[in-house]
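Content type mmCIF, C-alpha atoms, pLDDT in the B column; chains and numbers go by the auth columns, from the file entry.cif:
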```cif
data_data
loop_
_atom_site.group_PDB
_atom_site.id
_atom_site.type_symbol
_atom_site.label_atom_id
_atom_site.label_comp_id
_atom_site.label_asym_id
_atom_site.label_seq_id
_atom_site.Cartn_x
_atom_site.Cartn_y
_atom_site.Cartn_z
_atom_site.B_iso_or_equiv
_atom_site.auth_seq_id
_atom_site.auth_asym_id
ATOM 1 C CA ARG A 1 3.895 -2.840 -18.180 65.00 1468 A
ATOM 2 C CA LYS A 2 2.888 -2.977 -14.531 76.00 1469 A
ATOM 3 C CA GLU A 3 5.544 -2.294 -11.924 84.00 1470 A
ATOM 4 C CA VAL A 4 4.473 -5.329 -9.887 90.00 1471 A
ATOM 5 C CA GLU A 5 2.552 -8.379 -11.079 91.00 1472 A
ATOM 6 C CA GLN A 6 0.837 -10.933 -8.888 91.00 1473 A
ATOM 7 C CA ASP A 7 -1.497 -13.828 -9.506 85.00 1474 A
ATOM 8 C CA PRO A 8 -4.801 -12.546 -8.023 81.00 1475 A
ATOM 9 C CA GLY A 9 -5.951 -16.052 -7.146 82.00 1476 A
ATOM 10 C CA PRO A 10 -8.139 -16.884 -5.351 88.00 1477 A
ATOM 11 C CA PHE A 11 -6.281 -19.646 -3.545 92.00 1478 A
ATOM 12 C CA ASN A 12 -8.565 -21.923 -1.536 95.00 1479 A
ATOM 13 C CA VAL A 13 -6.587 -24.351 0.610 96.00 1480 A
ATOM 14 C CA PRO A 14 -7.445 -26.698 3.517 97.00 1481 A
ATOM 15 C CA GLU A 15 -6.142 -26.056 7.003 97.00 1482 A
ATOM 16 C CA GLY A 16 -2.629 -27.343 7.428 97.00 1483 A
ATOM 17 C CA ALA A 17 -1.714 -26.969 3.770 97.00 1484 A
ATOM 18 C CA THR A 18 1.365 -25.222 2.450 97.00 1485 A
ATOM 19 C CA VAL A 19 0.751 -22.440 -0.039 96.00 1486 A
ATOM 20 C CA ALA A 20 3.134 -20.295 -2.078 95.00 1487 A
ATOM 21 C CA PHE A 21 2.637 -16.918 -3.739 93.00 1488 A
ATOM 22 C CA ASN A 22 4.898 -15.358 -6.328 93.00 1489 A
ATOM 23 C CA CYS A 23 5.287 -11.831 -7.529 94.00 1490 A
ATOM 24 C CA THR A 24 7.413 -10.274 -10.291 95.00 1491 A
ATOM 25 C CA TYR A 25 8.634 -6.698 -10.601 94.00 1492 A
ATOM 26 C CA SER A 26 9.753 -4.771 -13.646 91.00 1493 A
ATOM 27 C CA ASN A 27 12.282 -2.263 -12.317 87.00 1494 A
ATOM 28 C CA SER A 28 15.647 -3.946 -11.835 87.00 1495 A
ATOM 29 C CA ALA A 29 16.771 -0.953 -9.734 83.00 1496 A
ATOM 30 C CA SER A 30 14.127 -1.600 -7.072 86.00 1497 A
ATOM 31 C CA GLN A 31 15.634 -1.567 -3.614 83.00 1498 A
ATOM 32 C CA SER A 32 13.175 -2.760 -0.986 87.00 1499 A
ATOM 33 C CA PHE A 33 10.637 -5.534 -1.025 92.00 1500 A
ATOM 34 C CA PHE A 34 7.798 -6.418 1.322 93.00 1501 A
ATOM 35 C CA TRP A 35 4.787 -8.625 1.773 96.00 1502 A
ATOM 36 C CA TYR A 36 1.709 -6.978 3.257 96.00 1503 A
ATOM 37 C CA ARG A 37 -1.508 -8.536 4.431 96.00 1504 A
ATOM 38 C CA GLN A 38 -4.897 -6.890 3.980 94.00 1505 A
ATOM 39 C CA ASP A 39 -8.025 -8.141 5.683 93.00 1506 A
ATOM 40 C CA CYS A 40 -11.444 -7.347 4.270 88.00 1507 A
ATOM 41 C CA ARG A 41 -12.268 -3.629 4.574 84.00 1508 A
ATOM 42 C CA LYS A 42 -9.087 -2.952 6.533 89.00 1509 A
ATOM 43 C CA GLU A 43 -5.842 -1.215 5.712 92.00 1510 A
ATOM 44 C CA PRO A 44 -2.767 -3.175 4.528 94.00 1511 A
ATOM 45 C CA LYS A 45 -0.356 -4.155 7.285 94.00 1512 A
ATOM 46 C CA LEU A 46 3.248 -5.223 6.978 94.00 1513 A
ATOM 47 C CA LEU A 47 3.680 -8.989 7.152 96.00 1514 A
ATOM 48 C CA MET A 48 7.400 -9.151 6.530 94.00 1515 A
ATOM 49 C CA SER A 49 10.277 -7.537 4.692 90.00 1516 A
ATOM 50 C CA VAL A 50 12.037 -9.567 2.023 91.00 1517 A
ATOM 51 C CA TYR A 51 15.823 -9.809 1.945 82.00 1518 A
ATOM 52 C CA SER A 52 18.145 -11.252 -0.669 82.00 1519 A
ATOM 53 C CA SER A 53 19.267 -13.938 1.748 82.00 1520 A
ATOM 54 C CA GLY A 54 15.671 -14.991 2.395 85.00 1521 A
ATOM 55 C CA ASN A 55 13.992 -14.665 5.748 90.00 1522 A
ATOM 56 C CA GLU A 56 11.663 -16.690 7.893 93.00 1523 A
ATOM 57 C CA ASP A 57 9.166 -15.703 10.552 93.00 1524 A
ATOM 58 C CA GLY A 58 7.451 -18.680 12.105 96.00 1525 A
ATOM 59 C CA ARG A 59 5.327 -20.331 9.437 97.00 1526 A
ATOM 60 C CA PHE A 60 6.150 -17.658 6.853 97.00 1527 A
ATOM 61 C CA THR A 61 9.183 -17.672 4.559 96.00 1528 A
ATOM 62 C CA ALA A 62 9.969 -14.907 2.083 96.00 1529 A
ATOM 63 C CA GLN A 63 12.552 -15.018 -0.666 95.00 1530 A
ATOM 64 C CA LEU A 64 13.904 -12.595 -3.232 94.00 1531 A
ATOM 65 C CA ASN A 65 15.491 -13.497 -6.539 93.00 1532 A
ATOM 66 C CA ARG A 66 17.021 -10.325 -7.988 91.00 1533 A
ATOM 67 C CA ALA A 67 18.298 -12.013 -11.135 92.00 1534 A
ATOM 68 C CA SER A 68 14.799 -13.139 -12.094 93.00 1535 A
ATOM 69 C CA GLN A 69 13.102 -10.189 -10.428 94.00 1536 A
ATOM 70 C CA TYR A 70 10.635 -12.160 -8.398 92.00 1537 A
ATOM 71 C CA ILE A 71 9.589 -12.407 -4.787 95.00 1538 A
ATOM 72 C CA SER A 72 7.914 -15.339 -3.093 95.00 1539 A
ATOM 73 C CA LEU A 73 5.993 -15.993 0.098 96.00 1540 A
ATOM 74 C CA LEU A 74 5.547 -19.475 1.542 97.00 1541 A
ATOM 75 C CA ILE A 75 2.992 -20.181 4.252 97.00 1542 A
ATOM 76 C CA ARG A 76 3.278 -23.523 6.025 98.00 1543 A
ATOM 77 C CA ASP A 77 0.607 -25.228 8.137 98.00 1544 A
ATOM 78 C CA SER A 78 -2.111 -22.774 7.052 97.00 1545 A
ATOM 79 C CA LYS A 79 -4.513 -21.539 9.710 97.00 1546 A
ATOM 80 C CA LEU A 80 -8.028 -20.215 9.264 97.00 1547 A
ATOM 81 C CA SER A 81 -6.723 -16.855 10.465 97.00 1548 A
ATOM 82 C CA ASP A 82 -4.351 -16.698 7.481 97.00 1549 A
ATOM 83 C CA SER A 83 -7.329 -15.983 5.207 97.00 1550 A
ATOM 84 C CA ALA A 84 -6.659 -12.531 3.747 96.00 1551 A
ATOM 85 C CA THR A 85 -5.266 -10.791 0.682 94.00 1552 A
ATOM 86 C CA TYR A 86 -1.471 -10.824 0.419 96.00 1553 A
ATOM 87 C CA LEU A 87 0.129 -7.866 -1.314 94.00 1554 A
ATOM 88 C CA CYS A 88 3.581 -7.771 -2.842 94.00 1555 A
ATOM 89 C CA VAL A 89 5.244 -4.352 -2.495 92.00 1556 A
ATOM 90 C CA VAL A 90 8.328 -2.970 -4.192 90.00 1557 A
ATOM 91 C CA THR A 91 10.085 0.315 -3.468 86.00 1558 A
ATOM 92 C CA SER A 92 11.924 2.221 -6.156 79.00 1559 A
ATOM 93 C CA ASN A 93 13.572 5.598 -6.158 72.00 1560 A
ATOM 94 C CA ASP A 94 12.976 7.979 -9.007 65.00 1561 A
ATOM 95 C CA ARG A 95 15.603 10.290 -10.486 56.00 1562 A
ATOM 96 C CA ALA A 96 15.068 12.820 -7.711 56.00 1563 A
ATOM 97 C CA GLY A 97 15.675 10.189 -5.066 58.00 1564 A
ATOM 98 C CA ALA A 98 12.038 10.133 -4.043 63.00 1565 A
ATOM 99 C CA ASN A 99 10.410 6.981 -2.747 69.00 1566 A
ATOM 100 C CA ASN A 100 7.725 5.260 -4.736 77.00 1567 A
ATOM 101 C CA LEU A 101 5.903 2.277 -3.312 81.00 1568 A
ATOM 102 C CA PHE A 102 4.296 -0.022 -5.844 85.00 1569 A
ATOM 103 C CA PHE A 103 1.726 -2.622 -4.904 87.00 1570 A
ATOM 104 C CA GLY A 104 0.714 -5.774 -6.704 88.00 1571 A
ATOM 105 C CA THR A 105 -2.959 -6.557 -7.209 87.00 1572 A
ATOM 106 C CA GLY A 106 -2.881 -8.854 -4.189 90.00 1573 A
ATOM 107 C CA THR A 107 -3.516 -12.587 -3.944 92.00 1574 A
ATOM 108 C CA ARG A 108 -6.651 -13.650 -2.135 92.00 1575 A
ATOM 109 C CA LEU A 109 -6.170 -16.649 0.196 95.00 1576 A
ATOM 110 C CA THR A 110 -9.007 -18.555 1.844 96.00 1577 A
ATOM 111 C CA VAL A 111 -8.137 -21.323 4.278 97.00 1578 A
ATOM 112 C CA ILE A 112 -10.959 -23.851 4.542 96.00 1579 A
ATOM 113 C CA PRO A 113 -11.713 -25.891 7.705 94.00 1580 A
ATOM 114 C CA GLU B 1 -2.719 1.823 16.711 53.00 1381 B
ATOM 115 C CA THR B 2 -0.574 2.198 13.618 60.00 1382 B
ATOM 116 C CA GLY B 3 0.797 5.699 14.199 93.00 1383 B
ATOM 117 C CA VAL B 4 -0.994 6.962 11.078 96.00 1384 B
ATOM 118 C CA THR B 5 -4.399 8.494 11.705 96.00 1385 B
ATOM 119 C CA GLN B 6 -6.944 9.360 9.038 97.00 1386 B
ATOM 120 C CA THR B 7 -10.128 11.373 9.424 97.00 1387 B
ATOM 121 C CA PRO B 8 -12.938 11.046 8.755 97.00 1388 B
ATOM 122 C CA ARG B 9 -13.338 7.262 8.629 96.00 1389 B
ATOM 123 C CA HIS B 10 -16.460 7.529 6.485 96.00 1390 B
ATOM 124 C CA LEU B 11 -17.642 10.335 4.223 96.00 1391 B
ATOM 125 C CA VAL B 12 -20.695 10.727 2.019 96.00 1392 B
ATOM 126 C CA MET B 13 -20.672 13.749 -0.257 94.00 1393 B
ATOM 127 C CA GLY B 14 -22.628 15.135 -3.158 92.00 1394 B
ATOM 128 C CA MET B 15 -21.019 15.860 -6.487 91.00 1395 B
ATOM 129 C CA THR B 16 -21.087 19.608 -5.860 90.00 1396 B
ATOM 130 C CA ASN B 17 -19.611 19.440 -2.361 91.00 1397 B
ATOM 131 C CA LYS B 18 -16.098 20.335 -1.252 95.00 1398 B
ATOM 132 C CA LYS B 19 -14.515 18.236 1.473 96.00 1399 B
ATOM 133 C CA SER B 20 -11.049 17.383 2.745 97.00 1400 B
ATOM 134 C CA LEU B 21 -9.469 14.186 3.978 98.00 1401 B
ATOM 135 C CA LYS B 22 -6.832 14.452 6.680 98.00 1402 B
ATOM 136 C CA CYS B 23 -3.878 12.252 7.504 98.00 1403 B
ATOM 137 C CA GLU B 24 -1.442 12.610 10.392 97.00 1404 B
ATOM 138 C CA GLN B 25 1.573 10.466 11.222 96.00 1405 B
ATOM 139 C CA HIS B 26 3.506 10.323 14.477 93.00 1406 B
ATOM 140 C CA LEU B 27 6.297 8.038 13.292 93.00 1407 B
ATOM 141 C CA GLY B 28 8.903 10.600 12.273 91.00 1408 B
ATOM 142 C CA HIS B 29 8.629 9.592 8.627 90.00 1409 B
ATOM 143 C CA ASN B 30 9.545 11.923 5.790 87.00 1410 B
ATOM 144 C CA ALA B 31 7.544 10.393 2.956 89.00 1411 B
ATOM 145 C CA MET B 32 3.747 10.361 2.772 92.00 1412 B
ATOM 146 C CA TYR B 33 1.421 8.848 0.203 92.00 1413 B
ATOM 147 C CA TRP B 34 -2.199 8.873 -0.929 94.00 1414 B
ATOM 148 C CA TYR B 35 -3.631 5.677 -2.393 93.00 1415 B
ATOM 149 C CA LYS B 36 -7.042 4.882 -3.833 94.00 1416 B
ATOM 150 C CA GLN B 37 -8.533 1.407 -3.504 92.00 1417 B
ATOM 151 C CA SER B 38 -11.719 0.734 -5.460 91.00 1418 B
ATOM 152 C CA ALA B 39 -13.775 -2.396 -5.033 83.00 1419 B
ATOM 153 C CA LYS B 40 -11.964 -5.451 -6.412 75.00 1420 B
ATOM 154 C CA LYS B 41 -9.112 -3.326 -7.766 80.00 1421 B
ATOM 155 C CA PRO B 42 -5.501 -3.010 -6.619 78.00 1422 B
ATOM 156 C CA LEU B 43 -4.153 -0.072 -4.694 85.00 1423 B
ATOM 157 C CA GLU B 44 -3.525 2.892 -6.981 88.00 1424 B
ATOM 158 C CA LEU B 45 -0.804 5.342 -6.041 87.00 1425 B
ATOM 159 C CA MET B 46 -2.145 8.903 -6.346 91.00 1426 B
ATOM 160 C CA PHE B 47 0.392 11.257 -4.800 90.00 1427 B
ATOM 161 C CA VAL B 48 3.770 11.044 -3.106 88.00 1428 B
ATOM 162 C CA TYR B 49 5.360 13.684 -0.876 88.00 1429 B
ATOM 163 C CA ASN B 50 8.999 13.552 0.211 82.00 1430 B
ATOM 164 C CA PHE B 51 10.023 16.153 2.807 77.00 1431 B
ATOM 165 C CA LYS B 52 6.803 18.085 2.064 73.00 1432 B
ATOM 166 C CA GLU B 53 7.568 18.269 -1.655 77.00 1433 B
ATOM 167 C CA GLN B 54 5.290 16.531 -4.096 79.00 1434 B
ATOM 168 C CA THR B 55 7.290 14.074 -6.142 72.00 1435 B
ATOM 169 C CA GLU B 56 4.614 12.021 -7.823 71.00 1436 B
ATOM 170 C CA ASN B 57 1.246 12.752 -9.374 73.00 1437 B
ATOM 171 C CA ASN B 58 -0.023 9.691 -11.158 72.00 1438 B
ATOM 172 C CA SER B 59 -2.271 11.434 -13.658 83.00 1439 B
ATOM 173 C CA VAL B 60 -4.823 12.137 -10.986 92.00 1440 B
ATOM 174 C CA PRO B 61 -7.753 14.385 -12.040 93.00 1441 B
ATOM 175 C CA SER B 62 -7.572 17.948 -10.782 93.00 1442 B
ATOM 176 C CA ARG B 63 -10.714 17.450 -8.695 95.00 1443 B
ATOM 177 C CA PHE B 64 -8.278 15.822 -6.231 96.00 1444 B
ATOM 178 C CA SER B 65 -5.878 18.362 -4.742 94.00 1445 B
ATOM 179 C CA PRO B 66 -3.231 17.290 -2.204 94.00 1446 B
ATOM 180 C CA GLU B 67 -1.617 19.490 0.394 94.00 1447 B
ATOM 181 C CA CYS B 68 1.320 18.719 2.659 93.00 1448 B
ATOM 182 C CA PRO B 69 1.973 21.581 5.100 93.00 1449 B
ATOM 183 C CA ASN B 70 4.643 19.636 6.998 91.00 1450 B
ATOM 184 C CA SER B 71 6.131 16.170 7.173 88.00 1451 B
ATOM 185 C CA SER B 72 3.505 14.972 9.645 93.00 1452 B
ATOM 186 C CA HIS B 73 0.324 16.101 7.920 95.00 1453 B
ATOM 187 C CA LEU B 74 -1.217 15.361 4.563 96.00 1454 B
ATOM 188 C CA PHE B 75 -4.547 16.494 3.160 97.00 1455 B
ATOM 189 C CA LEU B 76 -6.570 15.522 0.136 97.00 1456 B
ATOM 190 C CA HIS B 77 -9.000 18.238 -0.932 97.00 1457 B
ATOM 191 C CA LEU B 78 -11.993 17.021 -2.901 96.00 1458 B
ATOM 192 C CA HIS B 79 -14.333 19.012 -5.129 94.00 1459 B
ATOM 193 C CA THR B 80 -16.895 18.222 -7.808 94.00 1460 B
ATOM 194 C CA LEU B 81 -16.268 14.505 -7.515 95.00 1461 B
ATOM 195 C CA GLN B 82 -17.952 11.833 -9.601 95.00 1462 B
ATOM 196 C CA PRO B 83 -19.690 8.657 -8.394 94.00 1463 B
ATOM 197 C CA GLU B 84 -16.803 6.583 -9.774 94.00 1464 B
ATOM 198 C CA ASP B 85 -14.534 8.326 -7.262 96.00 1465 B
ATOM 199 C CA SER B 86 -16.242 6.351 -4.496 96.00 1466 B
ATOM 200 C CA ALA B 87 -13.508 4.227 -2.944 96.00 1467 B
ATOM 201 C CA LEU B 88 -11.331 3.657 0.093 95.00 1468 B
ATOM 202 C CA TYR B 89 -8.662 6.375 0.307 97.00 1469 B
ATOM 203 C CA LEU B 90 -5.594 5.282 2.198 96.00 1470 B
ATOM 204 C CA CYS B 91 -2.790 7.413 3.534 96.00 1471 B
ATOM 205 C CA ALA B 92 0.619 5.896 4.244 94.00 1472 B
ATOM 206 C CA SER B 93 3.993 7.090 5.477 93.00 1473 B
ATOM 207 C CA SER B 94 7.516 5.721 5.454 89.00 1474 B
ATOM 208 C CA HIS B 95 11.143 6.616 5.826 85.00 1475 B
ATOM 209 C CA LEU B 96 12.828 7.553 2.578 78.00 1476 B
ATOM 210 C CA TYR B 97 15.033 4.839 1.153 71.00 1477 B
ATOM 211 C CA ARG B 98 18.743 5.400 1.580 70.00 1478 B
ATOM 212 C CA PRO B 99 21.494 2.861 0.820 69.00 1479 B
ATOM 213 C CA GLY B 100 21.926 0.571 3.762 69.00 1480 B
ATOM 214 C CA GLN B 101 18.651 1.586 5.369 68.00 1481 B
ATOM 215 C CA THR B 102 16.314 -1.307 6.057 69.00 1482 B
ATOM 216 C CA ASN B 103 13.292 0.163 7.843 72.00 1483 B
ATOM 217 C CA THR B 104 11.604 1.650 4.795 79.00 1484 B
ATOM 218 C CA GLU B 105 8.286 -0.163 5.043 86.00 1485 B
ATOM 219 C CA ALA B 106 5.097 1.893 4.804 90.00 1486 B
ATOM 220 C CA PHE B 107 2.530 2.205 7.547 93.00 1487 B
ATOM 221 C CA PHE B 108 -1.075 2.823 6.616 94.00 1488 B
ATOM 222 C CA GLY B 109 -3.909 4.694 8.205 95.00 1489 B
ATOM 223 C CA GLN B 110 -7.265 2.972 8.480 95.00 1490 B
ATOM 224 C CA GLY B 111 -8.551 4.817 5.448 96.00 1491 B
ATOM 225 C CA THR B 112 -11.504 7.011 4.612 97.00 1492 B
ATOM 226 C CA ARG B 113 -14.363 5.235 2.908 96.00 1493 B
ATOM 227 C CA LEU B 114 -15.768 7.794 0.509 97.00 1494 B
ATOM 228 C CA THR B 115 -19.147 7.584 -1.176 96.00 1495 B
ATOM 229 C CA VAL B 116 -20.064 10.159 -3.808 95.00 1496 B
ATOM 230 C CA VAL B 117 -23.782 10.473 -4.451 94.00 1497 B
#
```
Starting from the file, give its structure as structure tokens.
Amino acid sequence: RKEVEQDPGPFNVPEGATVAFNCTYSNSASQSFFWYRQDCRKEPKLLMSVYSSGNEDGRFTAQLNRASQYISLLIRDSKLSDSATYLCVVTSNDRAGANNLFFGTGTRLTVIP
Amino acid sequence: ETGVTQTPRHLVMGMTNKKSLKCEQHLGHNAMYWYKQSAKKPLELMFVYNFKEQTENNSVPSRFSPECPNSSHLFLHLHTLQPEDSALYLCASSHLYRPGQTNTEAFFGQGTRLTVV
């Protein structure tokens, strides 16, 4: 079973639309959760951390549901510049206390004029 | 400028060549990672180093050999690669997770695009 599962999409939405991505993780002991954005042929960059209480950054809202082991990202009022691949990331510690970062497959978003 | 620098940015090598990828981070992190990203595939974790000690080797073939001389530098030595090893190789670094610590996100270098011919 994969550590992190995401719907790969693609999601094609018109400008101004609201779009939501979900992601599930398998390790209930996972501690940290993030959404990253990756543009074509570029490295992933942190979009936002995800906290149990939920957090918002402008048009972006991230939520974590530990009981169901899923993470969500909501983008409101989509812009053309939002077109990218969105990666769900989960951090778990192994028995030795070492960090492991696990990435989902990414969800491809295209915002259409 | 992400604070994580990878060199070279592009590399073309023959199957009998030996080359090395270099990663350097200036963020004071104590965990470093190598990832492989093939076309239309998700990021694959290859190696993890915590405080210079390797803690993860995800069944990576021995033709890939990592080296971490200190917490700021990470190398990936390549030899006798195959064409299917052509991919984007990404280095990342982060703080180690500790209870109560929130700034554990990873920062990536720009990657080395490797082509094996």
Problem - Result set of the PyMOL selection byres ((chain B) within 6 of (chain A)) on the coordinates above, as a VMD selection string - result: chain B and resid 1422 1476 1490
Problem - Shortest interatomic distance to Val1517 (chain A) - which of A:Gln1473, A:Ser1539, A:Asn1479, A:Thr1552, counting only C-alpha atoms - result: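 Of A:Gln1473, A:Ser1539, A:Asn1479, A:Thr1552, the one nearest Val1517 (chain A), counting only C-alpha atoms, is A:Ser1539.
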Handout entry: Nearest to Tyr1477 (chain B), chosen from A:Ser1497, A:Pro1481, A:Ser1550, A:Asp1544, with all atoms listed in the file counted in the distances
Key =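 Smallest distance to Tyr1477 (chain B) is found for A:Ser1497.
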Practice task
For the structure provided, state which residues fall under the PyMOL selection byres ((chain A and resi 1529) around 12), and present them as a ChimeraX atom specification.
Solution key: /A:1487-1490,1500-1503,1514-1528,1530-1532,1537-1543,1555
Exercise for the section: Tell me which residues the PyMOL selection byres ((chain B and resi 1384) around 6) grabs here, as a list of chain:residue names. Expected result: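 Selected by the PyMOL selection byres ((chain B and resi 1384) around 6) in this file: B:Thr1382, B:Gly1383, B:Thr1385, B:Glu1404, B:Gln1405, B:Gly1489.
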Around all of region 1540-1556 of chain A's listed atoms, make the axis-aligned box with 3 Å on each side and tell me centre and edge lengths in Å to one decimal, as lines of an AutoDock Vina configuration file.
```
center_x = -1.0
center_y = -14.8
center_z = 3.8
size_x = 20.0
size_y = 26.9
size_z = 19.3
```
Problem - Shortest interatomic distance to Ala1419 (chain B) - which of A:Ser1535, A:Thr1577, A:Cys1507, A:Asp1474, counting all atoms listed in the file - result: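 Checking each candidate against Ala1419 (chain B), we get A:Cys1507 as the closest.
Minimum atom-to-atom distances from B:Leu1391, B:His1406, B:Glu1447, B:His1459 to Ser1473 (chain B) were compared using all atoms listed in the file, and the lowest value belongs to B:His1406.
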Handout entry: For CA of Tyr1413 (chain B) and CA of Tyr1469 (chain B), the interatomic separation in Å (one decimal)
Key = 10.4 Å
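When all atoms listed in the file are used to measure the gap to Leu1425 (chain B), the shortest distance among B:Thr1396, B:Asn1437, B:Ser1474, B:Gln1386 belongs to B:Asn1437.
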Practice task
Would you work out the distance separating CA of Met1395 (chain B) from CA of Tyr1415 (chain B), expressed in Å to one decimal?
Solution key: 20.6 Å
Handout entry: Polymer residues at most 9 Å from Asn1410 (chain B), all atoms listed in the file, same-chain spacing of 3 or more positions, as a VMD selection string
Key = chain B and resid 1429 to 1432 1451 to 1452 1473 to 1476
Problem - Within 9 Å of Ser1495 (chain A) using all atoms listed in the file, minus same-chain residues under 3 positions, as a list of chain:residue names - result: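 Those residues are A:Tyr1492, A:Gln1498, A:Arg1533, A:Ala1534, A:Gln1536.
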Practice task
Record the distance separating CA of Val1496 (chain B) and CA of Leu1468 (chain B), expressed in Å with one decimal.
Solution key: 11.6 Å
Problem - Residue with smallest distance to Phe1488 (chain B) - pool B:Glu1433, B:Leu1407, B:Ser1418, B:Asp1465, counting all atoms listed in the file - result: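 Going through B:Glu1433, B:Leu1407, B:Ser1418, B:Asp1465 one by one, the smallest distance to Phe1488 (chain B) is for B:Leu1407.
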Exercise for the section: Name the residues in contact with Ser1466 (chain B) at a cut-off of 10 Å, using only C-alpha atoms, excluding same-chain residues fewer than 4 positions from it; report them as a ChimeraX atom specification. Expected result: /B:1391-1393,1416-1419,1461-1462,1493-1497
